[in-house]
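> Contents of target_38.pdb (PDB, C-alpha atoms) are below:
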```
MODEL        1
ATOM      1  CA  MET A   1      80.859  -5.405  39.837
ATOM      2  CA  LEU A   2      77.162  -4.655  39.985
ATOM      3  CA  SER A   3      74.726  -7.549  39.782
ATOM      4  CA  ILE A   4      71.353  -8.866  40.956
ATOM      5  CA  PRO A   5      71.751 -11.539  43.649
ATOM      6  CA  SER A   6      69.510 -14.590  43.737
ATOM      7  CA  PRO A   7      67.803 -15.528  47.003
ATOM      8  CA  PRO A   8      69.614 -18.280  48.933
ATOM      9  CA  ALA A   9      68.251 -21.809  48.602
ATOM     10  CA  GLN A  10      66.826 -21.791  52.152
ATOM     11  CA  TRP A  11      64.473 -18.965  51.177
ATOM     12  CA  ARG A  12      62.685 -21.125  48.632
ATOM     13  CA  SER A  13      60.363 -22.520  51.288
ATOM     14  CA  PHE A  14      59.101 -21.339  54.653
ATOM     15  CA  ASN A  15      58.396 -23.877  57.408
ATOM     16  CA  ILE A  16      55.309 -22.551  59.167
ATOM     17  CA  GLY A  17      55.525 -25.304  61.790
ATOM     18  CA  GLU A  18      59.026 -24.328  62.888
ATOM     19  CA  TRP A  19      58.036 -20.667  62.977
ATOM     20  CA  LEU A  20      55.001 -21.317  65.191
ATOM     21  CA  ARG A  21      57.050 -23.487  67.557
ATOM     22  CA  SER A  22      59.644 -20.725  67.804
ATOM     23  CA  LEU A  23      56.827 -18.480  69.063
ATOM     24  CA  GLY A  24      56.112 -20.911  71.894
ATOM     25  CA  LEU A  25      53.373 -22.980  70.249
ATOM     26  CA  GLU A  26      55.078 -26.285  70.961
ATOM     27  CA  TRP A  27      51.817 -28.182  70.483
ATOM     28  CA  PHE A  28      51.987 -27.500  66.724
ATOM     29  CA  GLY A  29      53.998 -30.547  65.700
ATOM     30  CA  VAL A  30      53.348 -30.485  61.952
ATOM     31  CA  ASN A  31      56.176 -29.285  59.708
ATOM     32  CA  LEU A  32      53.951 -27.386  57.310
ATOM     33  CA  SER A  33      56.001 -25.658  54.615
ATOM     34  CA  ILE A  34      54.985 -23.222  51.898
ATOM     35  CA  ASN A  35      57.165 -22.630  48.854
ATOM     36  CA  ALA A  36      57.960 -19.143  47.653
ATOM     37  CA  TYR A  37      56.988 -20.146  44.115
ATOM     38  CA  ALA A  38      53.547 -21.308  45.247
ATOM     39  CA  LEU A  39      53.115 -18.217  47.418
ATOM     40  CA  PHE A  40      53.690 -15.838  44.512
ATOM     41  CA  ILE A  41      51.436 -17.880  42.219
ATOM     42  CA  LEU A  42      48.618 -17.658  44.783
ATOM     43  CA  LEU A  43      49.264 -13.949  45.306
ATOM     44  CA  GLY A  44      49.123 -13.355  41.561
ATOM     45  CA  ILE A  45      45.830 -15.241  41.239
ATOM     46  CA  THR A  46      44.341 -13.226  44.101
ATOM     47  CA  VAL A  47      45.361  -9.887  42.578
ATOM     48  CA  ALA A  48      44.044 -10.966  39.164
ATOM     49  CA  LEU A  49      40.653 -11.832  40.663
ATOM     50  CA  VAL A  50      40.460  -8.476  42.470
ATOM     51  CA  ILE A  51      41.139  -6.631  39.200
ATOM     52  CA  ALA A  52      38.674  -8.745  37.211
ATOM     53  CA  ASN A  53      36.007  -8.280  39.875
ATOM     54  CA  ALA A  54      36.421  -4.496  39.796
ATOM     55  CA  ILE A  55      36.028  -4.441  36.000
ATOM     56  CA  LEU A  56      32.979  -6.724  35.968
ATOM     57  CA  VAL A  57      31.208  -4.953  38.849
ATOM     58  CA  ARG A  58      31.730  -1.640  37.117
ATOM     59  CA  ARG A  59      29.870  -3.116  34.149
ATOM     60  CA  GLY A  60      26.955  -4.329  36.256
ATOM     61  CA  ALA A  61      27.980  -7.822  37.304
ATOM     62  CA  GLU A  62      27.230  -9.308  40.703
ATOM     63  CA  PRO A  63      30.121  -8.562  43.094
ATOM     64  CA  TRP A  64      32.615 -11.425  43.244
ATOM     65  CA  VAL A  65      30.755 -13.584  40.731
ATOM     66  CA  VAL A  66      34.215 -13.902  39.167
ATOM     67  CA  ILE A  67      35.084 -16.311  41.983
ATOM     68  CA  ASP A  68      32.424 -18.706  40.678
ATOM     69  CA  VAL A  69      34.215 -18.612  37.330
ATOM     70  CA  ALA A  70      37.640 -18.935  38.963
ATOM     71  CA  LEU A  71      36.593 -22.173  40.660
ATOM     72  CA  TYR A  72      36.854 -23.737  37.211
ATOM     73  CA  ALA A  73      39.374 -21.468  35.493
ATOM     74  CA  VAL A  74      42.162 -21.701  38.087
ATOM     75  CA  PRO A  75      42.342 -25.526  38.410
ATOM     76  CA  PHE A  76      42.064 -25.948  34.634
ATOM     77  CA  GLY A  77      44.730 -23.273  34.130
ATOM     78  CA  ILE A  78      47.169 -24.884  36.564
ATOM     79  CA  LEU A  79      46.565 -28.293  34.986
ATOM     80  CA  GLY A  80      47.090 -26.944  31.477
ATOM     81  CA  GLY A  81      50.207 -25.043  32.487
ATOM     82  CA  ARG A  82      51.741 -28.109  34.089
ATOM     83  CA  LEU A  83      50.860 -30.490  31.245
ATOM     84  CA  PHE A  84      52.308 -28.116  28.642
ATOM     85  CA  HIS A  85      55.510 -27.648  30.665
ATOM     86  CA  VAL A  86      56.011 -31.376  31.154
ATOM     87  CA  ALA A  87      55.260 -32.063  27.478
ATOM     88  CA  ILE A  88      57.932 -29.670  26.187
ATOM     89  CA  ASN A  89      60.430 -30.765  28.845
ATOM     90  CA  TRP A  90      59.636 -34.468  28.692
ATOM     91  CA  GLY A  91      63.225 -35.581  29.141
ATOM     92  CA  ASP A  92      63.453 -33.828  32.515
ATOM     93  CA  TYR A  93      60.667 -35.962  33.954
ATOM     94  CA  VAL A  94      60.594 -39.249  32.061
ATOM     95  CA  TYR A  95      63.840 -41.231  31.851
ATOM     96  CA  PRO A  96      65.132 -44.562  33.218
ATOM     97  CA  GLY A  97      64.915 -44.499  37.012
ATOM     98  CA  ALA A  98      62.985 -41.224  37.124
ATOM     99  CA  ASP A  99      60.581 -40.432  39.939
ATOM    100  CA  LEU A 100      57.426 -39.864  37.908
ATOM    101  CA  TRP A 101      55.702 -38.302  40.900
ATOM    102  CA  ARG A 102      57.834 -35.214  40.216
ATOM    103  CA  ILE A 103      55.455 -34.463  37.372
ATOM    104  CA  LEU A 104      53.006 -33.332  40.066
ATOM    105  CA  TYR A 105      55.507 -31.218  42.021
ATOM    106  CA  ILE A 106      54.381 -27.838  40.725
ATOM    107  CA  TRP A 107      55.924 -26.101  43.752
ATOM    108  CA  GLU A 108      59.331 -26.840  42.223
ATOM    109  CA  GLY A 109      58.393 -24.560  39.336
ATOM    110  CA  GLY A 110      57.233 -25.337  35.849
ATOM    111  CA  LEU A 111      53.917 -23.836  34.723
ATOM    112  CA  ALA A 112      53.786 -22.977  31.037
ATOM    113  CA  ILE A 113      51.724 -19.875  30.366
ATOM    114  CA  PHE A 114      50.446 -21.004  26.980
ATOM    115  CA  GLY A 115      49.138 -24.269  28.404
ATOM    116  CA  ALA A 116      47.535 -22.376  31.276
ATOM    117  CA  VAL A 117      45.757 -20.058  28.831
ATOM    118  CA  ILE A 118      44.435 -22.942  26.708
ATOM    119  CA  LEU A 119      42.858 -25.003  29.494
ATOM    120  CA  GLY A 120      42.163 -21.918  31.621
ATOM    121  CA  ALA A 121      39.958 -20.595  28.810
ATOM    122  CA  LEU A 122      38.024 -23.848  28.915
ATOM    123  CA  GLY A 123      37.513 -23.371  32.639
ATOM    124  CA  VAL A 124      36.303 -19.800  32.068
ATOM    125  CA  TRP A 125      33.821 -21.041  29.456
ATOM    126  CA  ILE A 126      32.433 -23.623  31.897
ATOM    127  CA  GLY A 127      32.170 -21.008  34.654
ATOM    128  CA  CYS A 128      30.380 -18.609  32.309
ATOM    129  CA  ARG A 129      27.851 -21.246  31.300
ATOM    130  CA  ILE A 130      27.017 -21.760  34.961
ATOM    131  CA  THR A 131      26.908 -18.095  36.013
ATOM    132  CA  GLY A 132      25.222 -16.724  32.870
ATOM    133  CA  LEU A 133      28.108 -14.371  32.089
ATOM    134  CA  ARG A 134      29.335 -13.718  28.574
ATOM    135  CA  PHE A 135      32.602 -15.541  27.892
ATOM    136  CA  TRP A 136      34.194 -12.630  26.063
ATOM    137  CA  SER A 137      33.183 -10.161  28.779
ATOM    138  CA  VAL A 138      34.929 -12.263  31.408
ATOM    139  CA  ALA A 139      37.959 -12.857  29.178
ATOM    140  CA  ASP A 140      38.346  -9.099  28.694
ATOM    141  CA  ALA A 141      37.935  -8.451  32.419
ATOM    142  CA  MET A 142      40.601 -11.029  33.244
ATOM    143  CA  ALA A 143      43.134  -9.867  30.663
ATOM    144  CA  PRO A 144      44.841  -7.028  32.609
ATOM    145  CA  GLY A 145      44.902  -9.068  35.819
ATOM    146  CA  MET A 146      46.421 -12.042  34.021
ATOM    147  CA  LEU A 147      49.423  -9.959  33.018
ATOM    148  CA  VAL A 148      49.778  -8.662  36.569
ATOM    149  CA  ALA A 149      49.498 -12.207  37.931
ATOM    150  CA  GLN A 150      52.149 -13.473  35.532
ATOM    151  CA  GLY A 151      54.439 -10.624  36.529
ATOM    152  CA  ILE A 152      54.005 -11.414  40.212
ATOM    153  CA  GLY A 153      54.539 -15.110  39.536
ATOM    154  CA  ARG A 154      57.934 -14.344  38.007
ATOM    155  CA  PHE A 155      59.189 -13.495  41.502
ATOM    156  CA  GLY A 156      58.717 -17.188  42.221
ATOM    157  CA  ASN A 157      61.075 -17.979  39.331
ATOM    158  CA  TRP A 158      63.637 -15.683  40.946
ATOM    159  CA  PHE A 159      63.449 -17.601  44.231
ATOM    160  CA  ASN A 160      63.786 -20.908  42.347
ATOM    161  CA  GLN A 161      66.739 -19.559  40.321
ATOM    162  CA  GLU A 162      65.071 -20.359  37.022
ATOM    163  CA  LEU A 163      64.003 -18.394  33.966
ATOM    164  CA  PHE A 164      67.344 -16.728  33.307
ATOM    165  CA  GLY A 165      69.054 -16.035  30.020
ATOM    166  CA  ALA A 166      72.419 -16.104  28.353
ATOM    167  CA  PRO A 167      75.594 -14.868  30.059
ATOM    168  CA  THR A 168      75.969 -11.091  30.242
ATOM    169  CA  ASP A 169      78.315  -8.466  31.631
ATOM    170  CA  LEU A 170      75.550  -5.872  32.022
ATOM    171  CA  PRO A 171      75.231  -4.185  35.446
ATOM    172  CA  TRP A 172      71.929  -5.945  36.080
ATOM    173  CA  GLY A 173      73.320  -9.424  35.439
ATOM    174  CA  LEU A 174      71.795 -12.132  37.623
ATOM    175  CA  GLU A 175      73.813 -14.279  40.001
ATOM    176  CA  ILE A 176      72.996 -17.998  39.790
ATOM    177  CA  ASP A 177      74.372 -20.677  42.118
ATOM    178  CA  PRO A 178      76.969 -22.912  40.397
ATOM    179  CA  GLY A 179      75.599 -26.342  39.634
ATOM    180  CA  ASN A 180      72.259 -25.137  38.301
ATOM    181  CA  ARG A 181      71.327 -27.642  35.603
ATOM    182  CA  ALA A 182      70.379 -24.886  33.153
ATOM    183  CA  ILE A 183      73.923 -23.432  33.147
ATOM    184  CA  PRO A 184      75.978 -24.609  30.163
ATOM    185  CA  ALA A 185      79.059 -26.593  31.104
ATOM    186  CA  GLY A 186      82.407 -24.832  31.173
ATOM    187  CA  LEU A 187      81.256 -21.374  32.311
ATOM    188  CA  PRO A 188      83.178 -19.723  35.180
ATOM    189  CA  ALA A 189      81.432 -19.757  38.571
ATOM    190  CA  GLU A 190      81.235 -15.952  38.615
ATOM    191  CA  THR A 191      79.305 -15.764  35.326
ATOM    192  CA  LEU A 192      76.242 -13.491  35.364
ATOM    193  CA  PHE A 193      73.102 -14.093  33.329
ATOM    194  CA  HIS A 194      70.273 -12.068  31.833
ATOM    195  CA  PRO A 195      67.460 -11.802  34.430
ATOM    196  CA  LEU A 196      64.706 -12.996  32.127
ATOM    197  CA  PHE A 197      62.277 -13.191  35.042
ATOM    198  CA  LEU A 198      62.728  -9.436  35.505
ATOM    199  CA  TYR A 199      62.398  -8.650  31.803
ATOM    200  CA  GLU A 200      59.155 -10.578  31.544
ATOM    201  CA  MET A 201      57.824  -9.132  34.796
ATOM    202  CA  LEU A 202      58.339  -5.552  33.569
ATOM    203  CA  TRP A 203      56.908  -6.424  30.138
ATOM    204  CA  ASN A 204      53.796  -7.890  31.740
ATOM    205  CA  PHE A 205      53.245  -4.935  34.078
ATOM    206  CA  ALA A 206      53.607  -2.502  31.164
ATOM    207  CA  GLY A 207      51.095  -4.554  29.161
ATOM    208  CA  ALA A 208      48.606  -4.519  32.027
ATOM    209  CA  ILE A 209      48.776  -0.720  32.160
ATOM    210  CA  LEU A 210      48.239  -0.552  28.388
ATOM    211  CA  LEU A 211      45.189  -2.825  28.544
ATOM    212  CA  VAL A 212      43.642  -0.780  31.349
ATOM    213  CA  LEU A 213      44.102   2.363  29.254
ATOM    214  CA  LEU A 214      42.502   0.671  26.236
ATOM    215  CA  LEU A 215      39.582  -0.436  28.397
ATOM    216  CA  GLY A 216      39.100   2.975  29.981
ATOM    217  CA  LYS A 217      39.664   5.235  26.973
ATOM    218  CA  LEU A 218      38.482   3.168  24.008
ATOM    219  CA  LYS A 219      36.027   0.821  25.775
ATOM    220  CA  VAL A 220      37.549  -2.207  24.020
ATOM    221  CA  GLN A 221      35.109  -5.120  24.351
ATOM    222  CA  TRP A 222      33.863  -8.334  22.712
ATOM    223  CA  GLY A 223      37.086 -10.221  23.499
ATOM    224  CA  GLN A 224      39.347  -7.716  21.775
ATOM    225  CA  LEU A 225      41.030  -6.765  25.052
ATOM    226  CA  PHE A 226      41.834 -10.435  25.645
ATOM    227  CA  ALA A 227      43.186 -10.533  22.095
ATOM    228  CA  GLY A 228      45.424  -7.613  23.030
ATOM    229  CA  TYR A 229      46.687  -9.669  25.961
ATOM    230  CA  LEU A 230      47.544 -12.573  23.669
ATOM    231  CA  ILE A 231      49.414 -10.320  21.247
ATOM    232  CA  TRP A 232      51.294  -8.273  23.852
ATOM    233  CA  TYR A 233      52.481 -11.179  25.945
ATOM    234  CA  SER A 234      53.383 -13.345  22.966
ATOM    235  CA  VAL A 235      55.448 -10.686  21.200
ATOM    236  CA  GLY A 236      57.583 -10.239  24.305
ATOM    237  CA  ARG A 237      57.820 -13.975  24.923
ATOM    238  CA  PHE A 238      58.872 -14.685  21.330
ATOM    239  CA  PHE A 239      61.922 -12.439  21.515
ATOM    240  CA  MET A 240      62.870 -13.371  25.092
ATOM    241  CA  GLU A 241      63.071 -17.024  24.066
ATOM    242  CA  PHE A 242      66.138 -16.194  21.945
ATOM    243  CA  ILE A 243      68.268 -15.648  25.061
ATOM    244  CA  ARG A 244      66.676 -18.277  27.283
ATOM    245  CA  LEU A 245      69.038 -21.050  28.412
ATOM    246  CA  ASP A 246      66.854 -23.843  29.775
ATOM    247  CA  ALA A 247      66.286 -26.890  27.593
ATOM    248  CA  ASN A 248      63.200 -26.809  25.425
ATOM    249  CA  ALA A 249      61.746 -28.790  22.554
ATOM    250  CA  VAL A 250      62.717 -27.437  19.127
ATOM    251  CA  PHE A 251      60.824 -27.878  15.851
ATOM    252  CA  PHE A 252      62.367 -26.794  12.541
ATOM    253  CA  GLY A 253      65.019 -24.856  14.429
ATOM    254  CA  VAL A 254      62.513 -22.835  16.478
ATOM    255  CA  ARG A 255      61.695 -23.388  20.154
ATOM    256  CA  VAL A 256      58.205 -24.712  20.849
ATOM    257  CA  ASN A 257      57.361 -21.695  23.023
ATOM    258  CA  GLN A 258      58.107 -19.444  20.054
ATOM    259  CA  TRP A 259      55.762 -21.473  17.872
ATOM    260  CA  ALA A 260      53.144 -21.133  20.602
ATOM    261  CA  ALA A 261      53.767 -17.376  20.738
ATOM    262  CA  VAL A 262      53.279 -17.034  16.976
ATOM    263  CA  ALA A 263      50.054 -19.049  17.186
ATOM    264  CA  ALA A 264      48.792 -16.832  20.031
ATOM    265  CA  ILE A 265      49.589 -13.653  18.066
ATOM    266  CA  LEU A 266      47.707 -14.952  15.023
ATOM    267  CA  LEU A 267      44.787 -16.001  17.230
ATOM    268  CA  GLY A 268      44.686 -12.543  18.811
ATOM    269  CA  LEU A 269      44.621 -10.844  15.418
ATOM    270  CA  LEU A 270      41.915 -13.237  14.231
ATOM    271  CA  ILE A 271      39.760 -12.500  17.276
ATOM    272  CA  ILE A 272      40.034  -8.757  16.646
ATOM    273  CA  LEU A 273      39.112  -9.069  12.960
ATOM    274  CA  ILE A 274      36.151 -11.375  13.579
ATOM    275  CA  GLN A 275      34.759  -9.530  16.589
ATOM    276  CA  ARG A 276      35.029  -6.120  14.944
ATOM    277  CA  SER A 277      33.014  -7.301  11.967
ATOM    278  CA  ARG A 278      30.454  -9.203  14.053
ATOM    279  CA  HIS A 279      30.007  -6.698  16.883
ATOM    280  CA  PRO A 280      30.556  -3.077  15.787
ATOM    281  CA  GLY A 281      28.689  -1.711  18.804
ATOM    282  CA  ALA A 282      29.161  -1.950  22.557
ATOM    283  CA  GLU A 283      28.276  -5.034  24.583
ATOM    284  CA  PRO A 284      24.734  -4.672  25.948
ATOM    285  CA  SER A 285      25.611  -6.484  29.167
ATOM    286  CA  VAL A 286      28.204  -8.783  30.711
ATOM    287  CA  TYR A 287      25.375 -11.311  31.079
ATOM    288  CA  ARG A 288      23.783 -13.393  28.366
ATOM    289  CA  PRO A 289      20.162 -12.488  27.513
ATOM    290  CA  GLY A 290      17.795 -13.707  30.202
ATOM    291  CA  LYS A 291      20.614 -14.321  32.703
ATOM    292  CA  GLU A 292      20.915 -10.756  34.012
ATOM    293  CA  TRP A 293      21.565 -10.210  37.702
ATOM    294  CA  GLU A 294      19.495  -7.767  39.769
ATOM    295  CA  ASP A 295      20.813  -6.109  42.875
ATOM    296  CA  GLU A 296      18.522  -7.357  45.669
ATOM    297  CA  THR A 297      19.144  -4.182  47.632
ATOM    298  CA  GLU A 298      17.817  -2.046  44.796
ATOM    299  CA  VAL A 299      14.860  -4.386  44.312
ATOM    300  CA  ASP A 300      13.990  -4.178  48.021
ATOM    301  CA  LEU A 301      14.226  -0.405  47.905
ATOM    302  CA  GLU A 302      11.947  -0.275  44.862
ATOM    303  CA  GLU A 303       9.400  -2.543  46.552
ATOM    304  CA  ARG A 304       9.589  -0.469  49.709
ATOM    305  CA  TRP A 305       9.097   2.681  47.654
ATOM    306  CA  ASP A 306       5.992   1.190  46.053
ATOM    307  CA  VAL A 307       4.562   0.338  49.506
ATOM    308  CA  ASP A 308       5.262   3.854  50.742
ATOM    309  CA  GLU A 309       3.507   5.295  47.710
ATOM    310  CA  LEU A 310       0.526   2.995  48.290
ATOM    311  CA  LEU A 311       0.259   4.016  51.936
ATOM    312  CA  ALA A 312       0.574   7.657  51.002
ATOM    313  CA  SER A 313      -2.170   7.378  48.377
ATOM    314  CA  ASP A 314      -4.466   5.601  50.865
ATOM    315  CA  THR A 315      -3.883   8.353  53.407
ATOM    316  CA  GLU A 316      -4.609  11.056  50.856
ATOM    317  CA  LYS A 317      -7.756   9.211  49.776
ATOM    318  CA  THR A 318      -9.030   8.952  53.357
ATOM    319  CA  THR A 319      -8.279  12.612  54.012
ATOM    320  CA  SER A 320     -10.045  13.617  50.823
ATOM    321  CA  GLN A 321     -13.157  11.634  51.719
ATOM    322  CA  SER A 322     -13.280  13.167  55.203
ATOM    323  CA  THR A 323     -12.996  16.666  53.805
ATOM    324  CA  THR A 324     -15.697  16.081  51.209
ATOM    325  CA  SER A 325     -18.329  14.670  53.592
ATOM    326  CA  GLY A 326     -17.891  17.428  56.188
ATOM    327  CA  PRO A 327     -19.456  17.443  59.721
ATOM    328  CA  SER A 328     -22.940  15.916  60.133
ATOM    329  CA  SER A 329     -25.890  18.351  61.080
ATOM    330  CA  THR A 330     -28.970  17.743  63.267
ATOM    331  CA  ASP A 331     -32.182  19.796  63.856
ATOM    332  CA  THR A 332     -32.469  21.382  67.256
TER     333      THR A 332
ENDMDL
END
```
What would you get if you wrote out this structure as structure tokens?

Amino acid sequence: MLSIPSPPAQWRSFNIGEWLRSLGLEWFGVNLSINAYALFILLGITVALVIANAILVRRGAEPWVVIDVALYAVPFGILGGRLFHVAINWGDYVYPGADLWRILYIWEGGLAIFGAVILGALGVWIGCRITGLRFWSVADAMAPGMLVAQGIGRFGNWFNQELFGAPTDLPWGLEIDPGNRAIPAGLPAETLFHPLFLYEMLWNFAGAILLVLLLGKLKVQWGQLFAGYLIWYSVGRFFMEFIRLDANAVFFGVRVNQWAAVAAILLGLLIILIQRSRHPGAEPSVYRPGKEWEDETEVDLEERWDVDELLASDTEKTTSQSTTSGPSSTDT
């Protein structure tokens, strides 16, 4: 029977210390480990910044100024994602005898996208106030990369054997180790599950391609590309929640992540309606008025060009004077 295997438990973390000692570096006595989940999160963030930088530079921003924004956006996003996850899975972290420090163990998995977007947006706003960039310009530039980053991050869920759906007999069913706390009791050990991590990864990658096309062909600006991100991701997330197995808070019979998805869709539509009416034309710059960045190389070249012109004019003036006066004559 065809199926998608899950990585073995020992692949979830990589002990760099043991690896270095196996290469003969016995002096390295620290058992420094890196988790696969954390590795893919960091990789996703890196790729997202590269994409956002390319978009902003193309529009005249200082190269890698996006890193100055990321210094605030990334920590706020991680904090928001973790707080939202813990809030909607409170019973998994707070109970009699619980180790409350586990709330901080983000390498075990558990970053809610909607929480990351909420506080991450606050971090972007702070970064934009400091750098002089327009908030909506940066939000649009980050939108395609955010979908790519989320898709890459889903590989971390695969290594952690989380984010899987209901049982299935489809050829691409996912193998999960027996004993996983998200598996309903009574299911046979050989049961396969919907690979939700894969579904969401493909959905996110497809959305990133769509946003890049909208940016390139239609020049979507003023936050409307970010609105497209909110709508695209949330539509997919809403329907995927129907087959998700892990415990989640429910309000009025609907999972909290679905309520969050509906709110994000409405917010995206609202942003489009407001921004279209307020800003019918193109953005004049990715910088706020008076905060524009000038390429120092171009400025130096312009100054050098002015000096060259000045020298040339002085030379021409001297030559002209010499020609006009002519040679001096004396009586003999």
> Please indicate the distance in Å from CA of Phe84 in chain A to CA of Ala112 in chain A, rounded to one decimal place.
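Taking CA of Phe84 in chain A and CA of Ala112 in chain A, their separation equals 5.9 Å.
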> Find, counting all atoms listed in the file, the residue in A:Phe76, A:Phe40, A:Phe252, A:Trp222 that gets nearest to Phe135 in chain A.
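That would be A:Trp222, the residue with the smallest distance to Phe135 in chain A.
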> In the coordinate frame of the file, compute which residues have an atom within 12 Å of (56.7, -5.0, 32.9) when using only C-alpha atoms, and state them as a list in words.
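Collected hits near the coordinates: Leu147, Val148, Ala149, Gln150, Gly151, Ile152, Arg154, Leu196, Phe197, Leu198, Tyr199, Glu200, Met201, Leu202, Trp203, Asn204, Phe205, Ala206, Gly207, Ala208, Ile209, Leu210, Trp232, Tyr233 and Gly236 of chain A.
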> Write out the residues from the selection above, keeping C-alpha atoms, as an mmCIF file, keeping the file's coordinate frame.

```cif
data_model
loop_
_atom_site.group_PDB
_atom_site.id
_atom_site.type_symbol
_atom_site.label_atom_id
_atom_site.label_comp_id
_atom_site.auth_asym_id
_atom_site.auth_seq_id
_atom_site.Cartn_x
_atom_site.Cartn_y
_atom_site.Cartn_z
ATOM 1 C CA LEU A 147 49.423 -9.959 33.018
ATOM 2 C CA VAL A 148 49.778 -8.662 36.569
ATOM 3 C CA ALA A 149 49.498 -12.207 37.931
ATOM 4 C CA GLN A 150 52.149 -13.473 35.532
ATOM 5 C CA GLY A 151 54.439 -10.624 36.529
ATOM 6 C CA ILE A 152 54.005 -11.414 40.212
ATOM 7 C CA ARG A 154 57.934 -14.344 38.007
ATOM 8 C CA LEU A 196 64.706 -12.996 32.127
ATOM 9 C CA PHE A 197 62.277 -13.191 35.042
ATOM 10 C CA LEU A 198 62.728 -9.436 35.505
ATOM 11 C CA TYR A 199 62.398 -8.650 31.803
ATOM 12 C CA GLU A 200 59.155 -10.578 31.544
ATOM 13 C CA MET A 201 57.824 -9.132 34.796
ATOM 14 C CA LEU A 202 58.339 -5.552 33.569
ATOM 15 C CA TRP A 203 56.908 -6.424 30.138
ATOM 16 C CA ASN A 204 53.796 -7.890 31.740
ATOM 17 C CA PHE A 205 53.245 -4.935 34.078
ATOM 18 C CA ALA A 206 53.607 -2.502 31.164
ATOM 19 C CA GLY A 207 51.095 -4.554 29.161
ATOM 20 C CA ALA A 208 48.606 -4.519 32.027
ATOM 21 C CA ILE A 209 48.776 -0.720 32.160
ATOM 22 C CA LEU A 210 48.239 -0.552 28.388
ATOM 23 C CA TRP A 232 51.294 -8.273 23.852
ATOM 24 C CA TYR A 233 52.481 -11.179 25.945
ATOM 25 C CA GLY A 236 57.583 -10.239 24.305
#
```
> Taking the file as shown, find all residues satisfying the PyMOL selection byres ((chain A and resi 129) around 12) and write them as a list in words.
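Evaluating the PyMOL selection byres ((chain A and resi 129) around 12) on these coordinates yields Asp68, Val69, Tyr72, Leu122, Gly123, Val124, Trp125, Ile126, Gly127, Cys128, Ile130, Thr131, Gly132, Leu133, Arg134, Phe135, Trp136, Val138, Tyr287, Arg288 and Lys291 of chain A.
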> Restricting the calculation to only C-alpha atoms, which member of A:Tyr105, A:Phe193, A:Trp11, A:Trp64 is positioned closest to Arg82 in chain A?
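Comparing A:Tyr105, A:Phe193, A:Trp11, A:Trp64 against Arg82 in chain A, the winner is A:Tyr105.
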